[in-house]
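Just below is one structure, and these are the notes that go with it.
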Amino acid sequence: MGSAREQDIKHILLTEQQISDKLDELAAQIDADYADRDVLLVGVLKGAVMVMADLSRKLKHTRTSMDWMAVSSYGSGTKSSGVVRILKDLDADLTGRHVLIVEDIIDSGLTLSWLISNLRSRGVASIEVAAMLRKPDAAKVEVDVKYIGFDIPNEFVVGYGLDYAEQYRSLPYVGTLAPHVYEG
Ligand code: 5GP
Ligand code: MG
Ligand code: MG
């Protein structure tokens, strides 16, 4: 049985509990690394909203502010081209700021790699990345990610912020889609 959206999920890769436990670990590392510094958390819309909400609330010693950016890869289809367009830029001035990019998933790494160099060129004091998921087998560029949640197989996943046609973002877990969803 289960709800309609649960029937669309083939396999649960990461449960709500696993995600929460991992974010506890990442938050502890971030707290230890940044201690008393002010950190600007930069979330990448829309996929990173869940990670941002949960990770930021687990930080106990890091002073944070939050800002958001929306980017889109030029080109068609589901593959990232590496040529990135800014749909919504940050409000914050990055000069002298300690920036922590908060990402949902690193696939080819092309988007993130572009983002890091774009933000770095704005005069940051430091820049690091926290990403919930990474697909090592899909990497096209090497990206230096300091805080990583889980390495996952090279499969399309949804949930916990990640969408398929703007659906499934609100699922509390990460799962793969049943073929009937994308085969129509
Ligand atoms: P990259 O430039 O690393 O190839 O692309 C990263 C972006 O592609 C992610 O931020 C995410 O929006 C999207 N993406 C990559 N893999 C997946 C996936 O398995 N599921 C979903 N829903 N989006 C993905
Ligand atoms: Mg993303
Ligand atoms: Mg998407």
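Labels used: A, B, ... for chains in the order of the structure tokens, numbers from 1 for residues in each chain, and numbers from 1 for ligands as shown.
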Taking only C-alpha atoms and all ligand atoms and a cut-off of 7 Å, can you tell me which residues surround ligand 2, written as a VMD selection string?
chain A and resid 44 to 45 47 to 48 103 to 105
Kindly save the residues from that selection, with N, CA and C atoms included, as a compact mmCIF listing (two decimals), in the first residue's frame.
# COMPACT_ATOMS: atom_id res chain seq x y z
N VAL A 44 22.32 26.54 -2.35
CA VAL A 44 22.05 26.56 -3.78
C VAL A 44 20.63 26.05 -4.01
N LEU A 45 19.77 26.95 -4.46
CA LEU A 45 18.35 26.63 -4.69
C LEU A 45 18.19 25.71 -5.88
N GLY A 47 17.51 22.59 -4.50
CA GLY A 47 17.79 21.28 -3.91
C GLY A 47 18.35 21.31 -2.50
N ALA A 48 19.05 22.40 -2.17
CA ALA A 48 19.76 22.41 -0.89
C ALA A 48 18.92 22.90 0.29
N GLU A 103 25.35 22.27 -0.43
CA GLU A 103 24.83 21.67 -1.67
C GLU A 103 24.08 20.37 -1.39
N ASP A 104 23.16 20.07 -2.27
CA ASP A 104 22.42 18.82 -2.16
C ASP A 104 23.25 17.65 -2.68
N ILE A 105 23.73 17.77 -3.93
CA ILE A 105 24.37 16.62 -4.57
C ILE A 105 25.43 17.08 -5.56
Please give me, as a PDB file with N, CA and C atoms, in the first residue's frame, the residues lying within 7 Å of ligand 1 when counting only C-alpha atoms and all ligand atoms.
ATOM      1  N   GLY A  47      17.514  22.589  -4.499  1.00  0.00           N
ATOM      2  CA  GLY A  47      17.787  21.284  -3.909  1.00  0.00           C
ATOM      3  C   GLY A  47      18.351  21.314  -2.505  1.00  0.00           C
ATOM      4  N   LYS A  79      21.696  16.742 -18.292  1.00  0.00           N
ATOM      5  CA  LYS A  79      23.143  16.737 -18.083  1.00  0.00           C
ATOM      6  C   LYS A  79      23.669  18.160 -17.913  1.00  0.00           C
ATOM      7  N   SER A  80      24.529  18.313 -16.931  1.00  0.00           N
ATOM      8  CA  SER A  80      25.151  19.593 -16.675  1.00  0.00           C
ATOM      9  C   SER A  80      26.190  19.878 -17.745  1.00  0.00           C
ATOM     10  N   GLY A  82      28.294  22.645 -17.530  1.00  0.00           N
ATOM     11  CA  GLY A  82      29.426  23.357 -16.959  1.00  0.00           C
ATOM     12  C   GLY A  82      29.383  24.841 -17.238  1.00  0.00           C
ATOM     13  N   GLU A 103      25.351  22.271  -0.432  1.00  0.00           N
ATOM     14  CA  GLU A 103      24.826  21.668  -1.672  1.00  0.00           C
ATOM     15  C   GLU A 103      24.083  20.366  -1.387  1.00  0.00           C
ATOM     16  N   ASP A 104      23.164  20.072  -2.274  1.00  0.00           N
ATOM     17  CA  ASP A 104      22.424  18.823  -2.165  1.00  0.00           C
ATOM     18  C   ASP A 104      23.252  17.648  -2.678  1.00  0.00           C
ATOM     19  N   ILE A 105      23.730  17.771  -3.928  1.00  0.00           N
ATOM     20  CA  ILE A 105      24.370  16.622  -4.565  1.00  0.00           C
ATOM     21  C   ILE A 105      25.427  17.080  -5.557  1.00  0.00           C
ATOM     22  N   ILE A 106      26.516  16.351  -5.605  1.00  0.00           N
ATOM     23  CA  ILE A 106      27.550  16.597  -6.596  1.00  0.00           C
ATOM     24  C   ILE A 106      27.532  15.440  -7.580  1.00  0.00           C
ATOM     25  N   ASP A 107      27.203  15.783  -8.805  1.00  0.00           N
ATOM     26  CA  ASP A 107      27.076  14.774  -9.854  1.00  0.00           C
ATOM     27  C   ASP A 107      28.344  14.854 -10.709  1.00  0.00           C
ATOM     28  N   SER A 108      28.310  15.597 -11.806  1.00  0.00           N
ATOM     29  CA  SER A 108      29.526  15.785 -12.599  1.00  0.00           C
ATOM     30  C   SER A 108      30.525  16.683 -11.860  1.00  0.00           C
ATOM     31  N   GLY A 109      29.998  17.539 -10.986  1.00  0.00           N
ATOM     32  CA  GLY A 109      30.842  18.493 -10.276  1.00  0.00           C
ATOM     33  C   GLY A 109      31.023  19.799 -11.027  1.00  0.00           C
ATOM     34  N   LEU A 110      30.488  19.862 -12.240  1.00  0.00           N
ATOM     35  CA  LEU A 110      30.715  21.039 -13.087  1.00  0.00           C
ATOM     36  C   LEU A 110      30.078  22.305 -12.506  1.00  0.00           C
ATOM     37  N   THR A 111      28.848  22.171 -12.017  1.00  0.00           N
ATOM     38  CA  THR A 111      28.160  23.337 -11.445  1.00  0.00           C
ATOM     39  C   THR A 111      28.916  23.869 -10.232  1.00  0.00           C
ATOM     40  N   LEU A 112      29.253  22.957  -9.360  1.00  0.00           N
ATOM     41  CA  LEU A 112      29.928  23.354  -8.127  1.00  0.00           C
ATOM     42  C   LEU A 112      31.302  23.953  -8.402  1.00  0.00           C
ATOM     43  N   GLU A 155      23.138   6.784  -9.884  1.00  0.00           N
ATOM     44  CA  GLU A 155      21.725   6.594 -10.231  1.00  0.00           C
ATOM     45  C   GLU A 155      20.989   7.881  -9.918  1.00  0.00           C
ATOM     46  N   PHE A 156      19.895   8.126 -10.623  1.00  0.00           N
ATOM     47  CA  PHE A 156      19.109   9.325 -10.365  1.00  0.00           C
ATOM     48  C   PHE A 156      18.305   9.157  -9.084  1.00  0.00           C
ATOM     49  N   VAL A 157      18.469  10.064  -8.158  1.00  0.00           N
ATOM     50  CA  VAL A 157      17.773   9.971  -6.872  1.00  0.00           C
ATOM     51  C   VAL A 157      16.865  11.174  -6.642  1.00  0.00           C
ATOM     52  N   VAL A 158      15.865  10.976  -5.807  1.00  0.00           N
ATOM     53  CA  VAL A 158      14.961  12.066  -5.428  1.00  0.00           C
ATOM     54  C   VAL A 158      14.748  12.054  -3.919  1.00  0.00           C
ATOM     55  N   LEU A 162      15.711  16.943  -3.396  1.00  0.00           N
ATOM     56  CA  LEU A 162      15.962  16.625  -4.813  1.00  0.00           C
ATOM     57  C   LEU A 162      14.671  16.277  -5.542  1.00  0.00           C
ATOM     58  N   ASP A 163      14.543  16.793  -6.752  1.00  0.00           N
ATOM     59  CA  ASP A 163      13.281  16.639  -7.486  1.00  0.00           C
ATOM     60  C   ASP A 163      13.404  15.788  -8.735  1.00  0.00           C
ATOM     61  N   TYR A 164      12.229  15.346  -9.179  1.00  0.00           N
ATOM     62  CA  TYR A 164      12.057  14.920 -10.563  1.00  0.00           C
ATOM     63  C   TYR A 164      10.860  15.722 -11.065  1.00  0.00           C
TER      64      TYR A 164
END
What's the 9 Å shell around Asp144 of chain A, counting only C-alpha atoms, without same-chain residues fewer than 5 positions away, as a PyMOL selection string?
chain A and resi 113+128-129
Keeping only C-alpha atoms, write the selected residues to a file as a tab-separated table (two decimals), in the first residue's frame.
chain	number	residue	atom	x	y	z
A	113	SER	CA	33.33	23.85	-9.68
A	128	GLU	CA	34.52	25.45	1.62
A	129	VAL	CA	31.75	23.09	0.57
Give me, as an NGL selection string, all polymer residues having an atom no more than 12 Å from Val181 of chain A, counting only C-alpha atoms and skipping those fewer than 5 positions away in the same chain.
:A and (4-10 or 158 or 164-165 or 167-168 or 176)
Would you please extract all helix (DSSP H, G or I) residues from chain A, as assigned by DSSP on the backbone, and give them as an MDAnalysis selection string?
chainID A and resid 4:7 16:34 49:58 110:120 136:138 179:182
Only C-alpha atoms, please: the residues just picked out, written as an mmCIF file, in the first residue's frame.
data_model
loop_
_atom_site.group_PDB
_atom_site.id
_atom_site.type_symbol
_atom_site.label_atom_id
_atom_site.label_comp_id
_atom_site.auth_asym_id
_atom_site.auth_seq_id
_atom_site.Cartn_x
_atom_site.Cartn_y
_atom_site.Cartn_z
ATOM 1 C CA ALA A 4 0.962 7.534 -4.227
ATOM 2 C CA ARG A 5 4.357 9.149 -3.957
ATOM 3 C CA GLU A 6 5.760 6.200 -2.002
ATOM 4 C CA GLN A 7 4.707 3.903 -4.829
ATOM 5 C CA GLU A 16 15.541 10.012 7.493
ATOM 6 C CA GLN A 17 17.475 8.675 10.486
ATOM 7 C CA GLN A 18 20.652 8.013 8.488
ATOM 8 C CA ILE A 19 20.511 11.520 7.060
ATOM 9 C CA SER A 20 19.975 13.071 10.466
ATOM 10 C CA ASP A 21 22.829 11.089 12.045
ATOM 11 C CA LYS A 22 25.182 12.097 9.243
ATOM 12 C CA LEU A 23 24.249 15.752 9.599
ATOM 13 C CA ASP A 24 25.043 15.512 13.324
ATOM 14 C CA GLU A 25 28.558 14.369 12.372
ATOM 15 C CA LEU A 26 29.028 17.080 9.766
ATOM 16 C CA ALA A 27 27.746 19.767 12.134
ATOM 17 C CA ALA A 28 30.200 18.646 14.816
ATOM 18 C CA GLN A 29 33.092 18.895 12.339
ATOM 19 C CA ILE A 30 31.979 22.303 11.131
ATOM 20 C CA ASP A 31 31.568 23.537 14.704
ATOM 21 C CA ALA A 32 35.080 22.344 15.522
ATOM 22 C CA ASP A 33 36.608 23.885 12.396
ATOM 23 C CA TYR A 34 34.941 27.277 12.526
ATOM 24 C CA VAL A 49 16.850 23.767 1.156
ATOM 25 C CA MET A 50 16.483 20.640 3.297
ATOM 26 C CA VAL A 51 20.206 20.232 3.973
ATOM 27 C CA MET A 52 20.467 23.918 4.792
ATOM 28 C CA ALA A 53 17.517 23.835 7.181
ATOM 29 C CA ASP A 54 18.659 20.719 9.017
ATOM 30 C CA LEU A 55 22.425 21.248 9.002
ATOM 31 C CA SER A 56 22.244 24.886 10.094
ATOM 32 C CA ARG A 57 20.044 23.990 13.055
ATOM 33 C CA LYS A 58 22.540 21.381 14.223
ATOM 34 C CA LEU A 110 30.715 21.039 -13.087
ATOM 35 C CA THR A 111 28.160 23.337 -11.445
ATOM 36 C CA LEU A 112 29.928 23.354 -8.127
ATOM 37 C CA SER A 113 33.325 23.853 -9.681
ATOM 38 C CA TRP A 114 32.028 26.929 -11.527
ATOM 39 C CA LEU A 115 30.349 28.195 -8.358
ATOM 40 C CA ILE A 116 33.482 27.916 -6.258
ATOM 41 C CA SER A 117 35.576 29.948 -8.663
ATOM 42 C CA ASN A 118 32.816 32.510 -9.119
ATOM 43 C CA LEU A 119 32.419 33.071 -5.371
ATOM 44 C CA ARG A 120 36.143 32.912 -4.683
ATOM 45 C CA PRO A 136 31.966 9.520 -7.425
ATOM 46 C CA ASP A 137 31.382 7.553 -10.646
ATOM 47 C CA ALA A 138 29.810 10.593 -12.341
ATOM 48 C CA PRO A 179 10.701 3.131 -13.807
ATOM 49 C CA HIS A 180 6.949 3.728 -14.337
ATOM 50 C CA VAL A 181 7.481 7.357 -13.256
ATOM 51 C CA TYR A 182 9.875 8.357 -16.008
#
Between A:Ala35, A:Leu59, A:Leu13, A:Val71, which one has atoms that come closest to ligand 3, using only C-alpha atoms and all ligand atoms?
A:Val71
